[in-house]
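One structure below.
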Amino acid sequence: MTEQSTPRVPVVAMDGPGGSGKGTVSTAVARHFGWHYLDSGAIYRVLGHLAHMNQVREDDVPGLVALTHDLDIEFLEQGIALAGQNVEGLIRTEGAADRASRISPIPEVRHSLLEWQRKQARPPGLVSDGRDMGSVVFPDAVCKFFITASPEKRAERRYKQLREKGFDVKIENLLREIAERDERDAMRKASPLKPAEDATVIDTTDMSINDVISVVLEEVGRCLKIS
Ligand code: DC
């Protein structure tokens with residue numbers, strides 16, 4: 001009997017800093033093609049939340065890695081479930097973002113989450129959103145993007161999003177936190193935030209989200225044709 005080769009699942013990698021619009025674009029692309037969607041930032045946020053709940057410190061690497069081993073996560077239509085409980089509200093706060101950004105530089109934690117993330121590439125396809133999707137997690141992605149925007153614009157978008165969700169936030173604080181997180185994400189040794197060599201870079205500062213989605217969909221169509 002001849003061995004059947006596993007059909008390659010198309011993956012679109014969508015990297016970039018928070019507030020760049022990549023989450024909205026990723027979900028739109030996933031919906032357009034009827035593909036799965038991986039919000040990898042949410043995994044780091046859930047892990048930070050779990051560590052907080054279990055009093056595992058940010059420098060307790062074996063403790064954090066142990067938490068990655070039984071992550072019972074499910075992406076829902078609206079949010080993300082941890083052990084069956086919707087934790088969306090808990091992981092979207094600035095405190096949760098901060099915890100995620102402190103544990104995500106740890107190479108052992110990143111390594112331990114690799115396989116889980118790669119398993120999300122299931123037919124008919126996957127749009128994966130994060131920082132290192134194109135460079136580390138899915139280097140063979142059919143199409144790679146790096147979506148960015150100025151820190152001021154990203155703070156403004158985050159502000160609107162959080163206010164809509166009922167959070168009482170100040171734009172100056174958001175801007176400061178964004179700048180601090182950018183610095184941490186870009187300077188870390190493990191998977192620093194930077195475009196994969198073969199990524200299409202899109203600066204969305206002066207673009208509407210619909211324009212970004214159109215540009216990305218057109219590019220994905222092109223990638224799929226030549227893949
Ligand atoms: O995209 P986000 O704001 O939900 O990400 C939360 C944190 O997790 C952020 O500090 C960057 C980090 N992250 C990461 O290191 N690697 C990813 N693939 C996704 C997010």
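Every chain in the structure tokens has a letter given in the order shown (A, B, ...), and although residue numbers restart at 1 in each chain, ligands are simply numbered from 1 in the order shown.
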Residues within 9 Å of ligand 1, counting only C-alpha atoms and all ligand atoms, as a ChimeraX atom specification: /A:15-19,22-23,39-45,91-92,96-105,110,128-133,137,181-182,184-185,190-193
Could you give me the residues within range 69-202 of chain A that DSSP places in helix (DSSP H, G or I), as a PyMOL selection string? chain A and resi 69+88-91+94-103+107-118+133-137+151-164+171-187
Where in range 37-225 of chain A does DSSP assign strand (DSSP E or B), given as a PDB file with all heavy atoms, in the first residue's frame?
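And here is the file that came out, result16.pdb:
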```pdb
ATOM      1  N   TYR A  37      -9.685  29.973  13.341  1.00  0.00           N
ATOM      2  CA  TYR A  37      -8.975  31.187  13.759  1.00  0.00           C
ATOM      3  C   TYR A  37      -8.234  30.910  15.067  1.00  0.00           C
ATOM      4  O   TYR A  37      -8.827  30.391  16.015  1.00  0.00           O
ATOM      5  CB  TYR A  37      -9.982  32.325  13.938  1.00  0.00           C
ATOM      6  CG  TYR A  37      -9.425  33.540  14.651  1.00  0.00           C
ATOM      7  CD1 TYR A  37      -8.277  34.179  14.182  1.00  0.00           C
ATOM      8  CD2 TYR A  37     -10.036  34.053  15.792  1.00  0.00           C
ATOM      9  CE1 TYR A  37      -7.761  35.288  14.829  1.00  0.00           C
ATOM     10  CE2 TYR A  37      -9.525  35.167  16.446  1.00  0.00           C
ATOM     11  CZ  TYR A  37      -8.385  35.776  15.961  1.00  0.00           C
ATOM     12  OH  TYR A  37      -7.873  36.864  16.606  1.00  0.00           O
ATOM     13  N   LEU A  38      -6.951  31.210  15.081  1.00  0.00           N
ATOM     14  CA  LEU A  38      -6.165  31.047  16.319  1.00  0.00           C
ATOM     15  C   LEU A  38      -5.728  32.420  16.813  1.00  0.00           C
ATOM     16  O   LEU A  38      -4.963  33.113  16.134  1.00  0.00           O
ATOM     17  CB  LEU A  38      -4.934  30.166  16.048  1.00  0.00           C
ATOM     18  CG  LEU A  38      -3.878  30.138  17.161  1.00  0.00           C
ATOM     19  CD1 LEU A  38      -4.437  29.527  18.437  1.00  0.00           C
ATOM     20  CD2 LEU A  38      -2.640  29.354  16.704  1.00  0.00           C
ATOM     21  N   ASP A  39      -6.196  32.790  17.986  1.00  0.00           N
ATOM     22  CA  ASP A  39      -5.770  34.046  18.624  1.00  0.00           C
ATOM     23  C   ASP A  39      -4.687  33.654  19.635  1.00  0.00           C
ATOM     24  O   ASP A  39      -4.980  33.345  20.790  1.00  0.00           O
ATOM     25  CB  ASP A  39      -6.993  34.671  19.316  1.00  0.00           C
ATOM     26  CG  ASP A  39      -6.627  35.909  20.119  1.00  0.00           C
ATOM     27  OD1 ASP A  39      -5.440  36.270  20.173  1.00  0.00           O
ATOM     28  OD2 ASP A  39      -7.555  36.514  20.701  1.00  0.00           O
ATOM     29  N   ILE A  73      -8.519  24.822  26.735  1.00  0.00           N
ATOM     30  CA  ILE A  73      -9.003  26.055  26.101  1.00  0.00           C
ATOM     31  C   ILE A  73      -9.875  25.751  24.891  1.00  0.00           C
ATOM     32  O   ILE A  73      -9.583  24.836  24.127  1.00  0.00           O
ATOM     33  CB  ILE A  73      -7.786  26.886  25.618  1.00  0.00           C
ATOM     34  CG1 ILE A  73      -7.078  27.513  26.818  1.00  0.00           C
ATOM     35  CG2 ILE A  73      -8.193  27.974  24.652  1.00  0.00           C
ATOM     36  CD1 ILE A  73      -5.853  28.299  26.426  1.00  0.00           C
ATOM     37  N   GLU A  74     -10.906  26.553  24.732  1.00  0.00           N
ATOM     38  CA  GLU A  74     -11.750  26.404  23.541  1.00  0.00           C
ATOM     39  C   GLU A  74     -12.128  27.789  23.043  1.00  0.00           C
ATOM     40  O   GLU A  74     -12.517  28.645  23.846  1.00  0.00           O
ATOM     41  CB  GLU A  74     -13.020  25.647  23.966  1.00  0.00           C
ATOM     42  CG  GLU A  74     -13.788  25.037  22.838  1.00  0.00           C
ATOM     43  CD  GLU A  74     -15.164  24.582  23.340  1.00  0.00           C
ATOM     44  OE1 GLU A  74     -15.293  24.303  24.546  1.00  0.00           O
ATOM     45  OE2 GLU A  74     -16.075  24.561  22.526  1.00  0.00           O
ATOM     46  N   PHE A  75     -11.977  28.015  21.733  1.00  0.00           N
ATOM     47  CA  PHE A  75     -12.389  29.302  21.172  1.00  0.00           C
ATOM     48  C   PHE A  75     -13.885  29.247  20.899  1.00  0.00           C
ATOM     49  O   PHE A  75     -14.366  28.330  20.238  1.00  0.00           O
ATOM     50  CB  PHE A  75     -11.613  29.617  19.891  1.00  0.00           C
ATOM     51  CG  PHE A  75     -10.183  29.979  20.171  1.00  0.00           C
ATOM     52  CD1 PHE A  75      -9.165  29.052  20.035  1.00  0.00           C
ATOM     53  CD2 PHE A  75      -9.855  31.252  20.621  1.00  0.00           C
ATOM     54  CE1 PHE A  75      -7.846  29.388  20.328  1.00  0.00           C
ATOM     55  CE2 PHE A  75      -8.553  31.598  20.916  1.00  0.00           C
ATOM     56  CZ  PHE A  75      -7.544  30.659  20.770  1.00  0.00           C
ATOM     57  N   ILE A  80     -13.382  33.205  24.724  1.00  0.00           N
ATOM     58  CA  ILE A  80     -12.549  32.021  24.899  1.00  0.00           C
ATOM     59  C   ILE A  80     -12.926  31.353  26.218  1.00  0.00           C
ATOM     60  O   ILE A  80     -13.177  32.037  27.215  1.00  0.00           O
ATOM     61  CB  ILE A  80     -11.050  32.420  24.850  1.00  0.00           C
ATOM     62  CG1 ILE A  80     -10.136  31.211  24.910  1.00  0.00           C
ATOM     63  CG2 ILE A  80     -10.662  33.397  25.940  1.00  0.00           C
ATOM     64  CD1 ILE A  80      -8.698  31.522  24.506  1.00  0.00           C
ATOM     65  N   ALA A  81     -13.001  29.999  26.189  1.00  0.00           N
ATOM     66  CA  ALA A  81     -13.392  29.282  27.405  1.00  0.00           C
ATOM     67  C   ALA A  81     -12.185  28.565  27.989  1.00  0.00           C
ATOM     68  O   ALA A  81     -11.376  27.982  27.271  1.00  0.00           O
ATOM     69  CB  ALA A  81     -14.492  28.286  27.088  1.00  0.00           C
ATOM     70  N   LEU A  82     -12.061  28.652  29.303  1.00  0.00           N
ATOM     71  CA  LEU A  82     -11.025  27.915  30.027  1.00  0.00           C
ATOM     72  C   LEU A  82     -11.770  26.960  30.945  1.00  0.00           C
ATOM     73  O   LEU A  82     -12.581  27.408  31.769  1.00  0.00           O
ATOM     74  CB  LEU A  82     -10.162  28.891  30.842  1.00  0.00           C
ATOM     75  CG  LEU A  82      -9.150  28.270  31.793  1.00  0.00           C
ATOM     76  CD1 LEU A  82      -8.083  27.499  31.036  1.00  0.00           C
ATOM     77  CD2 LEU A  82      -8.485  29.351  32.647  1.00  0.00           C
ATOM     78  N   GLN A  85     -15.382  27.592  31.188  1.00  0.00           N
ATOM     79  CA  GLN A  85     -15.876  28.887  31.669  1.00  0.00           C
ATOM     80  C   GLN A  85     -15.385  30.014  30.752  1.00  0.00           C
ATOM     81  O   GLN A  85     -14.185  30.064  30.431  1.00  0.00           O
ATOM     82  CB  GLN A  85     -15.357  29.111  33.092  1.00  0.00           C
ATOM     83  CG  GLN A  85     -16.037  30.268  33.801  1.00  0.00           C
ATOM     84  CD  GLN A  85     -15.107  30.932  34.834  1.00  0.00           C
ATOM     85  OE1 GLN A  85     -14.111  30.344  35.255  1.00  0.00           O
ATOM     86  NE2 GLN A  85     -15.429  32.148  35.215  1.00  0.00           N
ATOM     87  N   ASN A  86     -16.313  30.867  30.298  1.00  0.00           N
ATOM     88  CA  ASN A  86     -15.914  31.959  29.411  1.00  0.00           C
ATOM     89  C   ASN A  86     -15.101  32.994  30.207  1.00  0.00           C
ATOM     90  O   ASN A  86     -15.613  33.620  31.122  1.00  0.00           O
ATOM     91  CB  ASN A  86     -17.162  32.605  28.792  1.00  0.00           C
ATOM     92  CG  ASN A  86     -16.801  33.531  27.639  1.00  0.00           C
ATOM     93  OD1 ASN A  86     -15.692  34.081  27.595  1.00  0.00           O
ATOM     94  ND2 ASN A  86     -17.719  33.704  26.708  1.00  0.00           N
ATOM     95  N   LEU A 126      -6.405  27.750   8.362  1.00  0.00           N
ATOM     96  CA  LEU A 126      -6.270  28.472   9.630  1.00  0.00           C
ATOM     97  C   LEU A 126      -5.742  29.885   9.405  1.00  0.00           C
ATOM     98  O   LEU A 126      -4.820  30.090   8.616  1.00  0.00           O
ATOM     99  CB  LEU A 126      -5.286  27.718  10.547  1.00  0.00           C
ATOM    100  CG  LEU A 126      -4.978  28.394  11.892  1.00  0.00           C
ATOM    101  CD1 LEU A 126      -6.152  28.234  12.860  1.00  0.00           C
ATOM    102  CD2 LEU A 126      -3.720  27.802  12.524  1.00  0.00           C
ATOM    103  N   VAL A 127      -6.337  30.833  10.104  1.00  0.00           N
ATOM    104  CA  VAL A 127      -5.753  32.172  10.173  1.00  0.00           C
ATOM    105  C   VAL A 127      -5.200  32.294  11.587  1.00  0.00           C
ATOM    106  O   VAL A 127      -5.933  32.126  12.562  1.00  0.00           O
ATOM    107  CB  VAL A 127      -6.798  33.281   9.914  1.00  0.00           C
ATOM    108  CG1 VAL A 127      -6.121  34.647   9.957  1.00  0.00           C
ATOM    109  CG2 VAL A 127      -7.475  33.074   8.569  1.00  0.00           C
ATOM    110  N   SER A 128      -3.896  32.518  11.702  1.00  0.00           N
ATOM    111  CA  SER A 128      -3.291  32.559  13.027  1.00  0.00           C
ATOM    112  C   SER A 128      -2.775  33.958  13.300  1.00  0.00           C
ATOM    113  O   SER A 128      -2.061  34.545  12.489  1.00  0.00           O
ATOM    114  CB  SER A 128      -2.172  31.530  13.129  1.00  0.00           C
ATOM    115  OG  SER A 128      -1.209  31.779  12.165  1.00  0.00           O
ATOM    116  N   ASP A 129      -3.150  34.463  14.450  1.00  0.00           N
ATOM    117  CA  ASP A 129      -2.903  35.862  14.793  1.00  0.00           C
ATOM    118  C   ASP A 129      -1.956  35.916  15.985  1.00  0.00           C
ATOM    119  O   ASP A 129      -2.158  35.220  16.970  1.00  0.00           O
ATOM    120  CB  ASP A 129      -4.311  36.439  15.077  1.00  0.00           C
ATOM    121  CG  ASP A 129      -4.361  37.684  15.929  1.00  0.00           C
ATOM    122  OD1 ASP A 129      -3.330  38.128  16.446  1.00  0.00           O
ATOM    123  OD2 ASP A 129      -5.475  38.199  16.082  1.00  0.00           O
ATOM    124  N   GLY A 130      -0.867  36.680  15.867  1.00  0.00           N
ATOM    125  CA  GLY A 130       0.066  36.746  16.996  1.00  0.00           C
ATOM    126  C   GLY A 130       1.263  37.623  16.750  1.00  0.00           C
ATOM    127  O   GLY A 130       1.152  38.713  16.182  1.00  0.00           O
ATOM    128  N   CYS A 143       0.772  32.419   3.381  1.00  0.00           N
ATOM    129  CA  CYS A 143       0.744  33.866   3.261  1.00  0.00           C
ATOM    130  C   CYS A 143       1.058  34.463   4.630  1.00  0.00           C
ATOM    131  O   CYS A 143       0.500  34.034   5.636  1.00  0.00           O
ATOM    132  CB  CYS A 143      -0.676  34.263   2.848  1.00  0.00           C
ATOM    133  SG  CYS A 143      -0.771  35.616   1.713  1.00  0.00           S
ATOM    134  N   LYS A 144       1.980  35.441   4.655  1.00  0.00           N
ATOM    135  CA  LYS A 144       2.373  36.036   5.933  1.00  0.00           C
ATOM    136  C   LYS A 144       2.203  37.546   5.886  1.00  0.00           C
ATOM    137  O   LYS A 144       2.612  38.177   4.906  1.00  0.00           O
ATOM    138  CB  LYS A 144       3.843  35.728   6.226  1.00  0.00           C
ATOM    139  CG  LYS A 144       4.147  34.249   6.327  1.00  0.00           C
ATOM    140  CD  LYS A 144       5.617  34.027   6.619  1.00  0.00           C
ATOM    141  CE  LYS A 144       5.943  32.539   6.578  1.00  0.00           C
ATOM    142  NZ  LYS A 144       7.366  32.284   6.799  1.00  0.00           N
ATOM    143  N   PHE A 145       1.631  38.067   6.958  1.00  0.00           N
ATOM    144  CA  PHE A 145       1.451  39.517   7.044  1.00  0.00           C
ATOM    145  C   PHE A 145       2.053  40.037   8.340  1.00  0.00           C
ATOM    146  O   PHE A 145       2.096  39.327   9.348  1.00  0.00           O
ATOM    147  CB  PHE A 145      -0.043  39.877   7.044  1.00  0.00           C
ATOM    148  CG  PHE A 145      -0.739  39.541   5.767  1.00  0.00           C
ATOM    149  CD1 PHE A 145      -1.378  38.309   5.611  1.00  0.00           C
ATOM    150  CD2 PHE A 145      -0.754  40.430   4.712  1.00  0.00           C
ATOM    151  CE1 PHE A 145      -2.012  37.979   4.427  1.00  0.00           C
ATOM    152  CE2 PHE A 145      -1.391  40.114   3.528  1.00  0.00           C
ATOM    153  CZ  PHE A 145      -2.019  38.883   3.378  1.00  0.00           C
ATOM    154  N   PHE A 146       2.486  41.290   8.297  1.00  0.00           N
ATOM    155  CA  PHE A 146       2.870  41.996   9.511  1.00  0.00           C
ATOM    156  C   PHE A 146       2.079  43.289   9.488  1.00  0.00           C
ATOM    157  O   PHE A 146       2.297  44.154   8.646  1.00  0.00           O
ATOM    158  CB  PHE A 146       4.376  42.256   9.546  1.00  0.00           C
ATOM    159  CG  PHE A 146       4.837  42.775  10.870  1.00  0.00           C
ATOM    160  CD1 PHE A 146       5.138  41.902  11.916  1.00  0.00           C
ATOM    161  CD2 PHE A 146       4.962  44.145  11.097  1.00  0.00           C
ATOM    162  CE1 PHE A 146       5.568  42.378  13.154  1.00  0.00           C
ATOM    163  CE2 PHE A 146       5.393  44.625  12.329  1.00  0.00           C
ATOM    164  CZ  PHE A 146       5.690  43.739  13.361  1.00  0.00           C
ATOM    165  N   ILE A 147       1.079  43.361  10.371  1.00  0.00           N
ATOM    166  CA  ILE A 147       0.167  44.503  10.389  1.00  0.00           C
ATOM    167  C   ILE A 147       0.610  45.446  11.512  1.00  0.00           C
ATOM    168  O   ILE A 147       0.758  45.003  12.656  1.00  0.00           O
ATOM    169  CB  ILE A 147      -1.288  44.034  10.673  1.00  0.00           C
ATOM    170  CG1 ILE A 147      -1.672  42.835   9.790  1.00  0.00           C
ATOM    171  CG2 ILE A 147      -2.277  45.174  10.535  1.00  0.00           C
ATOM    172  CD1 ILE A 147      -2.062  43.139   8.396  1.00  0.00           C
ATOM    173  N   THR A 148       0.803  46.694  11.181  1.00  0.00           N
ATOM    174  CA  THR A 148       1.275  47.615  12.214  1.00  0.00           C
ATOM    175  C   THR A 148       0.537  48.954  12.125  1.00  0.00           C
ATOM    176  O   THR A 148      -0.264  49.181  11.219  1.00  0.00           O
ATOM    177  CB  THR A 148       2.816  47.760  12.107  1.00  0.00           C
ATOM    178  OG1 THR A 148       3.270  48.528  13.203  1.00  0.00           O
ATOM    179  CG2 THR A 148       3.243  48.411  10.817  1.00  0.00           C
ATOM    180  N   THR A 200       4.326  40.343   4.189  1.00  0.00           N
ATOM    181  CA  THR A 200       3.870  41.598   3.589  1.00  0.00           C
ATOM    182  C   THR A 200       3.557  42.543   4.745  1.00  0.00           C
ATOM    183  O   THR A 200       2.733  42.226   5.605  1.00  0.00           O
ATOM    184  CB  THR A 200       2.571  41.349   2.777  1.00  0.00           C
ATOM    185  OG1 THR A 200       2.857  40.392   1.778  1.00  0.00           O
ATOM    186  CG2 THR A 200       2.036  42.627   2.160  1.00  0.00           C
ATOM    187  N   VAL A 201       4.244  43.688   4.782  1.00  0.00           N
ATOM    188  CA  VAL A 201       4.045  44.633   5.889  1.00  0.00           C
ATOM    189  C   VAL A 201       2.973  45.649   5.495  1.00  0.00           C
ATOM    190  O   VAL A 201       3.036  46.232   4.419  1.00  0.00           O
ATOM    191  CB  VAL A 201       5.367  45.351   6.235  1.00  0.00           C
ATOM    192  CG1 VAL A 201       5.163  46.356   7.365  1.00  0.00           C
ATOM    193  CG2 VAL A 201       6.448  44.334   6.622  1.00  0.00           C
ATOM    194  N   ILE A 202       1.977  45.818   6.366  1.00  0.00           N
ATOM    195  CA  ILE A 202       0.922  46.804   6.081  1.00  0.00           C
ATOM    196  C   ILE A 202       0.811  47.772   7.267  1.00  0.00           C
ATOM    197  O   ILE A 202       0.567  47.337   8.397  1.00  0.00           O
ATOM    198  CB  ILE A 202      -0.448  46.112   5.848  1.00  0.00           C
ATOM    199  CG1 ILE A 202      -0.345  45.080   4.716  1.00  0.00           C
ATOM    200  CG2 ILE A 202      -1.539  47.151   5.542  1.00  0.00           C
ATOM    201  CD1 ILE A 202      -1.624  44.313   4.431  1.00  0.00           C
ATOM    202  N   ASP A 203       1.012  49.041   7.010  1.00  0.00           N
ATOM    203  CA  ASP A 203       0.858  50.060   8.050  1.00  0.00           C
ATOM    204  C   ASP A 203      -0.574  50.595   7.964  1.00  0.00           C
ATOM    205  O   ASP A 203      -0.949  51.223   6.968  1.00  0.00           O
ATOM    206  CB  ASP A 203       1.872  51.186   7.827  1.00  0.00           C
ATOM    207  CG  ASP A 203       1.820  52.220   8.940  1.00  0.00           C
ATOM    208  OD1 ASP A 203       0.770  52.323   9.621  1.00  0.00           O
ATOM    209  OD2 ASP A 203       2.827  52.935   9.135  1.00  0.00           O
TER     210      ASP A 203
END
```
Determine the nearest neighbour of Ile226 in chain A from the options A:Val142, A:Arg163, A:Gln78, A:Gly34, counting only C-alpha atoms. A:Val142
Can you tell me, as an MDAnalysis selection string, what residues are no more than 12 Å from Leu174 in chain A when counting only C-alpha atoms, ignoring any on the same chain fewer than 2 positions away? chainID A and resid 18:19 93:95 97:98 151:163 168:172 176:182
Considering only C-alpha atoms, can you say which of A:Gly84, A:Gly21, A:Gly221, A:Gly134 comes closest to Ala149 in chain A? A:Gly21
Between CA of His36 in chain A and CA of His69 in chain A lies a distance of 22.3 Å
